[in-house]
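Colleague: Compact mmCIF, C-alpha atoms and all ligand atoms, file coords.txt:
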```txt
# COMPACT_ATOMS: atom_id res chain seq x y z
CA MET Q 1 10.75 -17.88 -15.52
CA LYS Q 2 7.52 -16.38 -14.26
CA CYS Q 3 6.66 -13.96 -11.47
CA LEU Q 4 3.24 -13.12 -10.06
CA ILE Q 5 2.63 -9.90 -8.12
CA ILE Q 6 -0.41 -10.16 -5.85
CA TYR Q 7 -1.54 -6.84 -4.41
CA PHE Q 8 -4.29 -4.87 -2.76
CA THR Q 9 -4.62 -1.15 -3.32
CA GLY Q 10 -7.01 1.38 -1.79
CA THR Q 11 -6.20 4.69 -3.46
CA TYR Q 12 -3.96 3.21 -6.19
CA ASN Q 13 -0.53 3.98 -4.68
CA THR Q 14 0.23 0.25 -4.40
CA LYS Q 15 -0.97 -0.20 -7.99
CA TYR Q 16 1.44 2.51 -9.11
CA LEU Q 17 4.30 0.85 -7.24
CA VAL Q 18 3.41 -2.61 -8.56
CA GLU Q 19 3.50 -1.30 -12.14
CA LYS Q 20 7.01 0.08 -11.50
CA ILE Q 21 8.15 -3.29 -10.11
CA ARG Q 22 6.55 -5.15 -13.02
CA ASP Q 23 8.14 -2.90 -15.64
CA ARG Q 24 11.55 -3.13 -13.99
CA LEU Q 25 11.47 -6.94 -13.81
CA LYS Q 26 10.45 -7.08 -17.47
CA GLN Q 27 13.12 -4.57 -18.46
CA GLU Q 28 15.76 -6.71 -16.72
CA LYS Q 29 14.39 -9.72 -18.63
CA LEU Q 30 14.42 -11.59 -15.33
CA PHE Q 31 10.83 -12.78 -15.40
CA GLU Q 32 7.62 -12.80 -17.35
CA VAL Q 33 5.38 -10.89 -14.96
CA ASP Q 34 1.67 -11.21 -14.21
CA THR Q 35 -0.15 -9.00 -11.73
CA PHE Q 36 -3.19 -9.85 -9.66
CA SER Q 37 -5.27 -7.22 -7.85
CA ILE Q 38 -7.45 -8.30 -4.93
CA ASP Q 39 -10.92 -6.80 -4.91
CA ARG Q 40 -14.56 -7.84 -4.71
CA LYS Q 41 -14.34 -9.77 -7.98
CA SER Q 42 -11.22 -11.72 -7.11
CA LEU Q 43 -11.08 -15.40 -7.87
CA LYS Q 44 -7.98 -17.20 -6.65
CA PRO Q 45 -4.92 -17.16 -8.90
CA ASN Q 46 -3.28 -20.45 -9.79
CA LEU Q 47 0.18 -20.21 -8.24
CA LYS Q 48 1.62 -23.15 -10.16
CA GLY Q 49 4.35 -22.25 -12.65
CA TYR Q 50 5.47 -19.11 -10.82
CA GLU Q 51 9.04 -19.18 -9.57
CA LEU Q 52 8.60 -15.89 -7.70
CA ILE Q 53 5.58 -14.37 -5.94
CA ILE Q 54 5.67 -10.74 -4.81
CA LEU Q 55 3.14 -9.72 -2.15
CA SER Q 56 2.42 -6.00 -2.13
CA TYR Q 57 0.14 -3.94 0.12
CA PRO Q 58 -0.35 -0.55 1.81
CA ILE Q 59 0.21 -0.40 5.57
CA TYR Q 60 -2.83 0.54 7.65
CA ALA Q 61 -1.92 1.38 11.27
CA PHE Q 62 1.08 -0.99 11.40
CA ASN Q 63 -0.92 -3.82 9.81
CA ALA Q 64 -1.54 -5.19 6.34
CA PRO Q 65 -5.12 -4.63 5.13
CA ILE Q 66 -7.36 -7.38 6.52
CA ILE Q 67 -8.59 -8.22 3.02
CA PHE Q 68 -4.99 -8.86 1.97
CA ASP Q 69 -4.09 -11.04 4.98
CA LYS Q 70 -7.28 -13.08 4.50
CA PHE Q 71 -6.73 -13.51 0.77
CA VAL Q 72 -3.12 -14.64 1.17
CA LYS Q 73 -4.24 -17.01 3.94
CA SER Q 74 -6.65 -18.64 1.50
CA LEU Q 75 -3.90 -19.38 -1.05
CA LYS Q 76 -1.87 -22.56 -1.32
CA PHE Q 77 1.75 -21.72 -2.08
CA ILE Q 78 4.09 -24.21 -3.68
CA PRO Q 79 6.92 -25.50 -1.43
CA ASN Q 80 10.19 -23.65 -2.18
CA GLN Q 81 8.41 -20.95 -4.19
CA LYS Q 82 10.34 -17.70 -3.74
CA ILE Q 83 8.44 -14.91 -2.01
CA ILE Q 84 9.25 -11.21 -1.72
CA ILE Q 85 7.22 -8.77 0.35
CA ALA Q 86 6.97 -5.26 -1.13
CA LYS Q 87 4.99 -3.20 1.35
CA GLN Q 88 4.49 0.55 1.14
CA SER Q 89 3.23 3.35 3.34
CA GLY Q 90 3.34 7.06 4.06
CA GLU Q 91 6.28 6.96 6.48
CA PRO Q 92 9.10 4.56 7.22
CA ILE Q 93 9.10 4.09 11.00
CA PHE Q 94 10.23 0.68 12.24
CA LEU Q 95 6.84 0.00 13.91
CA ASN Q 96 5.59 -0.76 10.39
CA ASN Q 97 8.01 -3.68 10.13
CA SER Q 98 5.65 -6.11 11.81
CA SER Q 99 2.79 -5.46 9.37
CA SER Q 100 3.89 -8.58 7.51
CA TYR Q 101 4.03 -10.97 10.50
CA THR Q 102 0.59 -12.50 9.85
CA LEU Q 103 1.47 -13.07 6.18
CA ILE Q 104 4.83 -14.58 7.04
CA ARG Q 105 3.27 -17.00 9.53
CA LYS Q 106 0.92 -18.22 6.80
CA ILE Q 107 3.40 -18.55 3.95
CA LYS Q 108 5.97 -20.28 6.16
CA LYS Q 109 3.41 -23.02 6.82
CA ASP Q 110 3.50 -23.72 3.08
CA LYS Q 111 7.30 -24.12 3.31
CA VAL Q 112 8.04 -21.34 0.84
CA ASN Q 113 11.42 -19.76 0.32
CA LEU Q 114 10.94 -16.34 1.89
CA LEU Q 115 13.44 -13.86 0.48
CA ASN Q 116 13.55 -10.22 1.50
CA GLU Q 117 11.08 -7.57 2.53
CA TYR Q 118 11.19 -4.04 1.13
CA HIS Q 119 9.42 -0.97 2.50
CA PHE Q 120 8.65 1.53 -0.26
CA LEU Q 121 7.36 5.03 0.50
CA MET Q 122 4.29 6.62 -1.08
CA PRO Q 123 2.18 9.68 -0.22
CA TYR Q 124 -0.27 9.58 2.66
CA ASN Q 125 -3.89 9.13 1.61
CA ILE Q 126 -5.01 10.04 5.12
CA HIS Q 127 -4.07 12.59 7.76
CA PHE Q 128 -2.47 15.16 5.44
CA ARG Q 129 -1.35 15.67 1.86
CA TYR Q 130 2.24 15.43 0.81
CA ASP Q 131 3.92 18.18 -1.15
CA ASP Q 132 4.71 17.24 -4.77
CA ASN Q 133 8.40 17.95 -4.22
CA PHE Q 134 8.48 15.55 -1.29
CA ILE Q 135 6.74 12.85 -3.33
CA LYS Q 136 9.41 13.31 -5.98
CA GLU Q 137 12.03 12.71 -3.27
CA LEU Q 138 10.21 9.55 -2.18
CA PHE Q 139 10.28 8.34 -5.80
CA THR Q 140 14.07 8.71 -5.85
CA TYR Q 141 14.17 6.57 -2.69
CA ASN Q 142 11.80 4.00 -4.23
CA LYS Q 143 13.89 3.79 -7.37
CA LYS Q 144 17.01 3.05 -5.35
CA LEU Q 145 15.16 0.49 -3.25
CA LEU Q 146 13.93 -1.20 -6.41
CA ASP Q 147 17.49 -1.32 -7.76
CA ILE Q 148 18.54 -2.93 -4.47
CA MET Q 149 15.70 -5.44 -4.70
CA ILE Q 150 16.70 -6.46 -8.23
CA TYR Q 151 20.39 -6.67 -7.26
CA GLU Q 152 19.63 -8.88 -4.24
CA LEU Q 153 17.35 -11.07 -6.34
CA LYS Q 154 20.01 -11.53 -9.01
CA ASN Q 155 22.75 -12.22 -6.48
CA ASN Q 156 20.72 -14.40 -4.11
CA ILE Q 157 21.27 -12.02 -1.20
CA VAL Q 158 18.84 -12.77 1.60
CA HIS Q 159 18.64 -11.04 4.98
CA LYS Q 160 16.14 -12.84 7.16
CA VAL Q 161 13.43 -10.73 8.78
CA LYS Q 162 13.85 -10.91 12.54
CA TYR Q 163 10.74 -11.50 14.63
CA ASN Q 164 10.30 -8.89 17.36
CA PRO Q 165 7.62 -9.68 19.98
CA ILE Q 166 7.29 -6.01 20.99
CA LEU Q 167 6.52 -5.02 17.41
CA ALA Q 168 4.11 -7.95 17.13
CA PHE Q 169 2.26 -6.66 20.22
CA ASN Q 170 2.11 -3.16 18.73
CA THR Q 171 0.65 -4.56 15.50
CA PHE Q 172 -1.91 -6.48 17.54
CA LEU Q 173 -2.85 -3.34 19.51
CA PHE Q 174 -3.44 -1.37 16.34
CA LYS Q 175 -5.73 -3.85 14.59
CA ILE Q 176 -8.16 -0.96 14.27
CA GLN Q 177 -9.52 -2.17 10.95
CA ARG Q 178 -11.32 -5.09 12.62
CA LEU Q 179 -13.57 -2.82 14.65
CA GLY Q 180 -12.88 0.56 13.10
CA GLY Q 181 -13.97 -0.47 9.60
CA PRO Q 182 -17.41 -1.88 10.40
CA VAL Q 183 -18.18 0.58 13.22
CA ASN Q 184 -16.91 3.70 11.48
CA SER Q 185 -18.88 2.70 8.37
CA CYS Q 186 -22.09 3.52 10.26
CA PHE Q 187 -20.95 7.12 10.62
CA TYR Q 188 -20.09 7.67 6.95
CA LYS Q 189 -22.48 10.12 5.37
CA VAL Q 190 -22.89 12.13 2.20
CA ASP Q 191 -23.39 15.87 2.07
CA TYR Q 192 -26.16 16.11 -0.52
CA SER Q 193 -25.64 19.84 -0.95
CA LYS Q 194 -22.34 18.89 -2.66
CA CYS Q 195 -23.05 15.42 -4.10
CA ILE Q 196 -23.76 15.23 -7.84
CA MET Q 197 -24.89 11.58 -7.73
CA CYS Q 198 -22.12 10.48 -10.07
CA GLN Q 199 -22.02 7.14 -8.17
CA LYS Q 200 -18.25 6.97 -8.52
CA CYS Q 201 -18.04 5.98 -4.84
CA ILE Q 202 -20.44 3.05 -5.41
CA LYS Q 203 -18.65 1.80 -8.52
CA GLN Q 204 -15.19 2.07 -6.99
CA CYS Q 205 -15.60 0.59 -3.50
CA PRO Q 206 -13.43 -2.55 -3.56
CA ILE Q 207 -15.79 -4.51 -1.28
CA ASN Q 208 -19.27 -3.36 -2.43
CA ASN Q 209 -19.83 -1.53 0.83
CA ILE Q 210 -21.74 1.31 -0.83
CA THR Q 211 -25.11 1.03 -2.56
CA LEU Q 212 -27.82 3.32 -3.83
CA ASP Q 213 -31.07 3.13 -1.91
CA THR Q 214 -33.45 3.31 -4.84
CA LYS Q 215 -36.45 4.25 -2.65
CA THR Q 216 -34.83 7.34 -1.15
CA ASN Q 217 -32.24 7.90 -3.92
CA LYS Q 218 -29.62 8.17 -1.18
CA ILE Q 219 -26.19 6.61 -0.87
CA LYS Q 220 -25.98 3.91 1.74
CA PHE Q 221 -22.82 2.70 3.50
CA HIS Q 222 -22.92 -0.84 4.90
CA ASN Q 223 -20.71 -2.44 7.54
CA LYS Q 224 -17.94 -4.14 5.54
CA CYS Q 225 -15.70 -1.08 5.17
CA LEU Q 226 -11.96 -1.76 4.73
CA MET Q 227 -10.98 1.83 5.62
CA CYS Q 228 -9.26 2.08 2.26
CA MET Q 229 -10.41 5.71 1.72
CA ARG Q 230 -11.04 5.18 -1.98
CA CYS Q 231 -14.60 6.60 -1.88
CA SER Q 232 -13.79 9.79 0.02
CA PHE Q 233 -10.37 10.30 -1.59
CA PHE Q 234 -11.75 10.27 -5.14
CA CYS Q 235 -15.17 11.86 -4.60
CA PRO Q 236 -15.11 14.69 -7.16
CA LYS Q 237 -17.10 16.98 -4.85
CA ASP Q 238 -15.49 16.05 -1.52
CA ALA Q 239 -18.98 15.17 -0.35
CA ILE Q 240 -18.24 12.13 1.85
CA ASN Q 241 -17.87 12.51 5.59
CA ILE Q 242 -15.78 9.62 6.95
CA GLY Q 243 -17.13 9.61 10.48
CA MET Q 244 -14.56 9.49 13.26
CA LEU Q 245 -11.73 9.93 10.73
CA GLN Q 246 -13.22 13.08 9.19
CA ASN Q 247 -10.47 15.33 10.56
CA TRP Q 248 -7.89 13.09 8.89
CA LYS Q 249 -9.60 13.01 5.51
CA VAL Q 250 -7.59 13.77 2.40
CA ASN Q 251 -9.59 14.44 -0.76
CA GLY Q 252 -8.27 14.40 -4.33
CA GLY Q 253 -5.90 11.94 -5.99
CA TYR Q 254 -2.22 12.64 -6.51
CA ASN Q 255 -1.08 12.72 -10.12
CA LEU Q 256 1.85 10.41 -9.47
CA ASN Q 257 2.85 10.05 -13.10
CA ARG Q 258 2.99 13.81 -13.58
CA ILE Q 259 4.99 14.29 -10.37
CA GLU Q 260 7.48 11.58 -11.28
CA ASN Q 261 8.09 13.09 -14.72
CA ASP Q 262 7.96 16.77 -13.78
CA ALA Q 263 11.49 18.10 -14.33
CA THR Q 264 10.69 21.32 -12.43
CA LEU Q 265 10.45 19.31 -9.18
CA ASN Q 266 13.95 18.66 -7.92
CA GLY Q 267 13.01 16.43 -4.97
CA ASP Q 268 15.06 18.25 -2.34
CA TYR Q 269 12.26 18.62 0.19
CA LEU Q 270 13.84 16.98 3.23
CA SER Q 271 16.92 19.20 3.27
CA LYS Q 272 14.61 22.19 3.85
CA HIS Q 273 12.08 20.51 6.14
CA GLN Q 274 13.76 18.93 9.10
CA SER Q 275 10.90 19.35 11.57
CA LYS Q 276 9.66 16.53 13.78
CA PHE Q 277 7.56 14.52 11.32
CA PHE Q 278 9.98 14.71 8.42
CA LYS Q 279 12.88 13.81 10.71
CA LEU Q 280 11.42 10.29 10.68
CA PHE Q 281 12.56 9.90 7.09
CA ILE Q 282 16.19 10.88 7.46
CA LYS Q 283 17.66 7.69 8.96
CA PRO Q 284 15.74 5.17 6.81
CA ILE Q 285 16.55 7.10 3.62
CA ASP Q 286 20.19 7.33 4.67
CA LYS Q 287 20.28 3.58 5.31
CA ILE Q 288 19.02 2.83 1.80
CA ASN Q 289 21.46 5.37 0.27
CA LYS Q 290 24.34 3.58 2.01
CA LEU Q 291 23.23 0.15 0.87
CA TYR Q 292 22.77 1.47 -2.65
CA ASP Q 293 26.31 2.90 -2.64
CA LYS Q 294 27.66 -0.40 -1.31
CA TYR Q 295 26.08 -2.34 -4.18
CA PHE Q 296 26.55 0.14 -7.00
CA SER Q 297 29.49 2.43 -6.28
CA LYS Q 298 32.36 1.72 -8.68
CA ASP Q 299 35.18 2.02 -6.05
C1 LIG Q 301 -6.68 3.50 7.52
C2 LIG Q 301 -5.30 3.88 7.11
C3 LIG Q 301 -4.24 3.73 7.99
C4 LIG Q 301 -2.95 4.08 7.60
N1 LIG Q 301 -1.94 3.86 8.47
C5 LIG Q 301 -0.67 4.16 8.10
C6 LIG Q 301 0.42 3.89 8.99
O1 LIG Q 301 0.26 3.34 10.09
N2 LIG Q 301 1.65 4.22 8.58
C7 LIG Q 301 1.87 4.80 7.36
O2 LIG Q 301 3.03 5.09 7.05
N3 LIG Q 301 0.88 5.05 6.48
C8 LIG Q 301 -0.39 4.74 6.83
N4 LIG Q 301 -1.42 4.97 5.96
C9 LIG Q 301 -1.12 5.59 4.65
C10 LIG Q 301 -1.07 4.55 3.52
O3 LIG Q 301 -0.32 3.41 3.89
C11 LIG Q 301 -0.45 5.16 2.27
O4 LIG Q 301 -1.03 6.36 1.91
C12 LIG Q 301 -0.49 4.20 1.12
O5 LIG Q 301 0.35 4.71 0.10
C13 LIG Q 301 -1.88 3.97 0.53
O6 LIG Q 301 -1.78 3.00 -0.49
P1 LIG Q 301 -2.97 2.65 -1.52
O7 LIG Q 301 -3.20 3.92 -2.32
O8 LIG Q 301 -2.48 1.54 -2.37
O9 LIG Q 301 -4.15 2.28 -0.72
C14 LIG Q 301 -2.71 4.62 6.30
C15 LIG Q 301 -3.78 4.77 5.42
C16 LIG Q 301 -5.05 4.41 5.80
C17 LIG Q 301 -6.17 4.58 4.82
S1 LIG Q 302 -18.57 10.08 -5.50
FE1 LIG Q 302 -19.17 11.87 -4.29
S2 LIG Q 302 -20.38 13.12 -5.70
FE2 LIG Q 302 -20.27 11.06 -6.61
S3 LIG Q 302 -22.10 10.00 -5.81
FE3 LIG Q 302 -20.43 9.54 -4.40
S4 LIG Q 302 -20.63 11.11 -2.80
FE4 LIG Q 302 -21.80 11.84 -4.56
S1 LIG Q 303 -16.74 2.39 1.94
FE1 LIG Q 303 -15.09 3.69 1.14
S2 LIG Q 303 -13.41 3.41 2.61
FE2 LIG Q 303 -14.87 1.74 2.96
S3 LIG Q 303 -14.12 0.02 1.69
FE3 LIG Q 303 -15.59 1.17 0.43
S4 LIG Q 303 -14.36 2.64 -0.71
FE4 LIG Q 303 -13.09 1.89 0.98
```
Please, can you express the file's structure as structure tokens?
Modeller:
Amino acid sequence: MKCLIIYFTGTYNTKYLVEKIRDRLKQEKLFEVDTFSIDRKSLKPNLKGYELIILSYPIYAFNAPIIFDKFVKSLKFIPNQKIIIAKQSGEPIFLNNSSSYTLIRKIKKDKVNLLNEYHFLMPYNIHFRYDDNFIKELFTYNKKLLDIMIYELKNNIVHKVKYNPILAFNTFLFKIQRLGGPVNSCFYKVDYSKCIMCQKCIKQCPINNITLDTKTNKIKFHNKCLMCMRCSFFCPKDAINIGMLQNWKVNGGYNLNRIENDATLNGDYLSKHQSKFFKLFIKPIDKINKLYDKYFSKD
């Protein structure tokens, strides 16, 4: 049996997660797994022959990235094909639940067999940086959630996603990418006192929104920005100003592999940080711990 994971990633957190899902499915010998990353070069994948499709994306302001919604909309799914949604974001609040509504509307039209939806947790690439120890704790959560996903897949356990019109309205209200991307793009600028002209930003932009003006030898931002943060996050000199979001900029990639395998990090961050923001994590993590115990405890 074959599985295809279709994903979009801005700063590679979704890619990291997708690789974990792929490796786990292979390890379980459940599926042969192919992955498909959506970017400027993307042709459409042929969905025939895949028993399971996993759709994976980062949440941007309670929505899926527009590029992801549009791409999935352009696909023709096979009736009865099994679909799992594996979304991920920086925090787990329930307002993120509706980020998949647009996708679900589309895939239901193709009469697919929609299974479950799983919300994984990864570090914020905007607003502020997460502590390595907290990321380690999120990885423990993700590992349990992945175990749950595999268990439910093997045992045909499906819990239907309930439509909530209030959440749908919230998602609609926060469609900031539609305007925010193109408009904010005009305010992006480079600090040439820092820039070393490595052109990493140009090469990496997933939508070709950045070019080099050969006359002035300056970096030019156009108006197709996806707000993915890849350019500013990975600029080696932190030279990109991201306009209205500048105060929320995070610069410098996380070394996720190192954090996951660092035995000196014990992942007990939440027990010591119970302030307002981190409180958001307690209930959702507890819920997954309980479900995990229900499926895997020996009693
Ligand atoms: C424009 C933008 C909006 C975001 N909005 C949210 C949000 O509403 N909730 C959240 O938990 N994380 C939010 N995030 C954080 C990302 O979902 C998170 O860092 C994710 O892991 C990034 O994945 P990627 O590296 O694959 O792009 C946002 C990130 C960006 C760039
Ligand atoms: S990635 Fe940063 S340093 Fe490199 S060209 Fe772009 S702005 Fe300049
Ligand atoms: S300009 Fe930067 S933030 Fe916008 S799509 Fe390109 S890489 Fe992403």
Colleague: Taking all atoms listed in the file into account, name the residue in Q:Ser232, Q:Asn80, Q:Asn156, Q:Asn247 that is nearest to Q:Ile210.
Modeller: Q:Ser232
Colleague: Neighbours of Q:Met197 within 9 Å (all atoms listed in the file; same-chain residues fewer than 2 positions away dropped), as a PyMOL selection string?
Modeller: chain Q and resi 192+195+199-200+218-219
Colleague: Which of these, Q:Pro123, Q:Gly253, Q:Pro182, Q:Pro92, has the shortest distance to Q:Ile282 once you count all atoms listed in the file?
Modeller: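 Checking each of Q:Pro123, Q:Gly253, Q:Pro182, Q:Pro92 against Q:Ile282, counting all atoms listed in the file, the winner is Q:Pro92.
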Colleague: Would you work out the distance separating atom CA of Q:Lys160 from atom CA of Q:Leu30, expressed in Å to one decimal?
Modeller: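 Computing the Euclidean distance for atom CA of Q:Lys160 and atom CA of Q:Leu30 yields 22.6 Å.
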Colleague: Give the residues close to ligand LIG 302 (chain Q), within 12 Å, counting all atoms listed in the file; write them as a count of residues only.
Modeller: 43
Colleague: To one decimal place, how far is atom CA of Q:Arg40 from atom CA of Q:Leu115 in Å?
Modeller: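 Here the two named atoms are 29.1 Å from each other.
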Colleague: Using all atoms listed in the file, pick whichever of Q:Lys106, Q:Lys136, Q:Lys290, Q:Lys283 has the shortest atom-to-atom distance to Q:Thr264.
Modeller: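 Of Q:Lys106, Q:Lys136, Q:Lys290, Q:Lys283, the one nearest Q:Thr264, counting all atoms listed in the file, is Q:Lys136.
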Colleague: Could you please extract the residues within 6 Å of ligand LIG 301 (chain Q), counting only C-alpha atoms and all ligand atoms, and hand them back as a PyMOL selection string?
Modeller: chain Q and resi 9-14+58-62+88-91+122-126+227-229
Colleague: Kindly indicate which residue among Q:Lys144, Q:Lys249, Q:Lys294, Q:Lys287 lies nearest to ligand LIG 303 (chain Q), using all atoms listed in the file for the distances.
Modeller: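 Among the listed residues, Q:Lys249 lies closest to ligand LIG 303 (chain Q).
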Colleague: Which residue is closest to Q:Thr102? Choose from Q:Arg129, Q:Lys87, Q:His159, Q:Lys73 and count only C-alpha atoms.
Modeller: Q:Lys73
